[in-house]
Amino acid sequence: MKGVILEIAPEAQIIDISHAVQPFDILDGALIISQAYSYFPSGTVHMVIVDPGVGTTRRPVLMTGDRHLFVAPDNGVLSLIYDREERVSVRHITAEHYFLQPRSNTFHGRDIFSPVAAYLAKGVETSKFGEEITDYVRFGAPRPKPVDERTLRGVVLKVDRFGNLITNITPKDAPQLFGVDPPAFKIAIGTKAQATRICTNYAEGSPGEVFGILGSTGFLEVAANRGSANQLLGAGKGSEVNVVMEG
């Protein structure tokens, strides 16, 4: 893919955001790109390839946001960006003369998305690649829900490589947790110990303690100091998270 880009746009600067997306996991890819893209310069072309439907009738799309361009399969992997951007234009990429030929049925990252990204980097107008569409695929990330007056139920969206459990709960969902003097609470997750405090950094946690922390993604994480909450709690992606206010 990088060779294709550099053949078309030799001056392109290629940066790898991540190659650690879980196989076939569109939501994982959506989370990673949504957390990273805004830190790049205006005009950056992002190629987002999590594509279990490669070779099927799923469409390749080009999205233009407020400051960035994205090429991706139309399978929802850009959903969280659609939610964040104020102005969105999405085009179905149909201009096959920009594709590599012959085109494989199993590697559209190389044969479709890479050349399109390269031509965009060279300044080809977005209108050259296809017509605008409004029926592009998008999904809503799971949201936490109140169970009763004291309990908020969420879910683990992702386990990072340190074993931290990244939930779908934000300070907006549970502001009491992140105040100066939070009430007594527990974060119940998995089948073992429960977190009963919020730390401001990982080193603040005691050895073997599982605690909550507001991570750089803006979500509540359940973590351990130099340990894996994933292993300590026997919990993982999809595990239920219950925040229970006890005060």
# chains A, B, ... in the order shown; residues from 1 in each chain; ligands from 1
$ residues_around --residues "A:Val61" --least-positions-apart "2" --cutoff "6 Å" --atoms "only C-alpha atoms" --output "list in words"
Val71, Ala72, Pro73, Asp74, Arg91, His92 and Ile93 of chain A
$ write_last_selection --atoms "C-alpha atoms" --output "compact mmCIF listing (two decimals), in the first residue's frame"
# COMPACT_ATOMS: atom_id res chain seq x y z
CA VAL A 71 -11.12 7.08 2.36
CA ALA A 72 -12.69 3.92 3.74
CA PRO A 73 -15.13 1.11 3.06
CA ASP A 74 -18.76 2.08 3.58
CA ARG A 91 -18.94 10.41 -2.02
CA HIS A 92 -19.22 6.94 -3.47
CA ILE A 93 -15.86 6.32 -5.16
$ closest_atom_pairs --of "stretch 6-58 of chain A" --to "stretch 105-114 of chain A" --cutoff "8 Å" --atoms "only C-alpha atoms" --output "Markdown table"
| residue | atom | partner | partner_atom | distance |
| --- | --- | --- | --- | --- |
| A:Met47 | CA | A:Phe113 | CA | 6.9 |
| A:Ile49 | CA | A:Gly109 | CA | 6.4 |
| A:Val54 | CA | A:Thr106 | CA | 5.9 |
| A:Gly55 | CA | A:Asn105 | CA | 4.5 |
$ residues_around --residues "A:Pro182" --least-positions-apart "6" --cutoff "12 Å" --atoms "only C-alpha atoms" --output "PyMOL selection string"
chain A and resi 174-176+196-199+245-247
$ atom_distance --atom1 "atom CA of A:Gly215" --atom2 "atom CA of A:Thr200"
9.2 Å
$ select_by_dssp --residues "stretch 122-161 of chain A" --states "strand (DSSP E or B)" --output "list in words"
Glu132, Lys145, Pro146, Thr151, Leu152, Arg153, Gly154, Val155, Val156, Leu157, Lys158 and Val159 of chain A
$ write_last_selection --atoms "C-alpha atoms" --output "PDB file, in the first residue's frame"
ATOM      1  CA  GLU A 132     -22.239  12.558  -3.272  1.00  0.00           C
ATOM      2  CA  LYS A 145     -27.993   3.588  30.441  1.00  0.00           C
ATOM      3  CA  PRO A 146     -29.367   4.176  33.926  1.00  0.00           C
ATOM      4  CA  THR A 151     -26.814   2.535  38.979  1.00  0.00           C
ATOM      5  CA  LEU A 152     -25.429   3.353  35.543  1.00  0.00           C
ATOM      6  CA  ARG A 153     -24.745   0.430  33.219  1.00  0.00           C
ATOM      7  CA  GLY A 154     -22.141   0.597  30.496  1.00  0.00           C
ATOM      8  CA  VAL A 155     -19.901  -1.763  28.584  1.00  0.00           C
ATOM      9  CA  VAL A 156     -16.203  -2.307  27.885  1.00  0.00           C
ATOM     10  CA  LEU A 157     -15.538  -1.021  24.370  1.00  0.00           C
ATOM     11  CA  LYS A 158     -11.902  -2.019  24.154  1.00  0.00           C
ATOM     12  CA  VAL A 159      -8.991  -3.582  26.002  1.00  0.00           C
TER      13      VAL A 159
END
$ residues_around --residues "A:Val45" --least-positions-apart "6" --cutoff "7 Å" --atoms "only C-alpha atoms" --output "JSON, numbers by chain"
{"A": [68, 69, 70, 117, 121]}
$ select_by_dssp --residues "stretch 20-127 of chain A" --states "helix (DSSP H, G or I)" --output "PyMOL selection string"
chain A and resi 26-39+79-84+96-98+108-121+126-127
$ residues_around --residues "A:Pro171" --least-positions-apart "5" --cutoff "12 Å" --atoms "only C-alpha atoms" --output "ChimeraX atom specification"
/A:144,176-179,198,212-215,217-221
$ residues_around --residues "A:Ile81" --least-positions-apart "6" --cutoff "9 Å" --atoms "only C-alpha atoms" --output "list in words"
Ala30, Ile33, Ser34, Tyr37 and Gly65 of chain A
$ residues_around --residues "A:Val124" --least-positions-apart "3" --cutoff "12 Å" --atoms "only C-alpha atoms" --output "list in words"
Ile8, Ala9, Val45, Tyr98, Pro115, Val116, Ala117, Ala118, Tyr119, Leu120, Ala121, Ser127, Lys128 and Phe129 of chain A
$ write_last_selection --atoms "C-alpha atoms" --output "short mmCIF file (atom, residue, chain, number, x, y, z; two decimals), in the first residue's frame"
data_model
loop_
_atom_site.label_atom_id
_atom_site.label_comp_id
_atom_site.auth_asym_id
_atom_site.auth_seq_id
_atom_site.Cartn_x
_atom_site.Cartn_y
_atom_site.Cartn_z
CA ILE A 8 1.73 8.16 -7.39
CA ALA A 9 2.68 10.83 -4.85
CA VAL A 45 -5.82 12.23 4.02
CA TYR A 98 -7.87 5.97 -10.44
CA PRO A 115 -4.29 5.10 -5.15
CA VAL A 116 -7.33 7.24 -4.30
CA ALA A 117 -5.58 8.52 -1.16
CA ALA A 118 -2.45 9.27 -3.19
CA TYR A 119 -4.32 11.23 -5.86
CA LEU A 120 -6.10 13.19 -3.12
CA ALA A 121 -2.70 13.99 -1.60
CA SER A 127 -15.63 15.70 -7.07
CA LYS A 128 -13.53 13.70 -9.56
CA PHE A 129 -13.96 10.46 -7.61
#
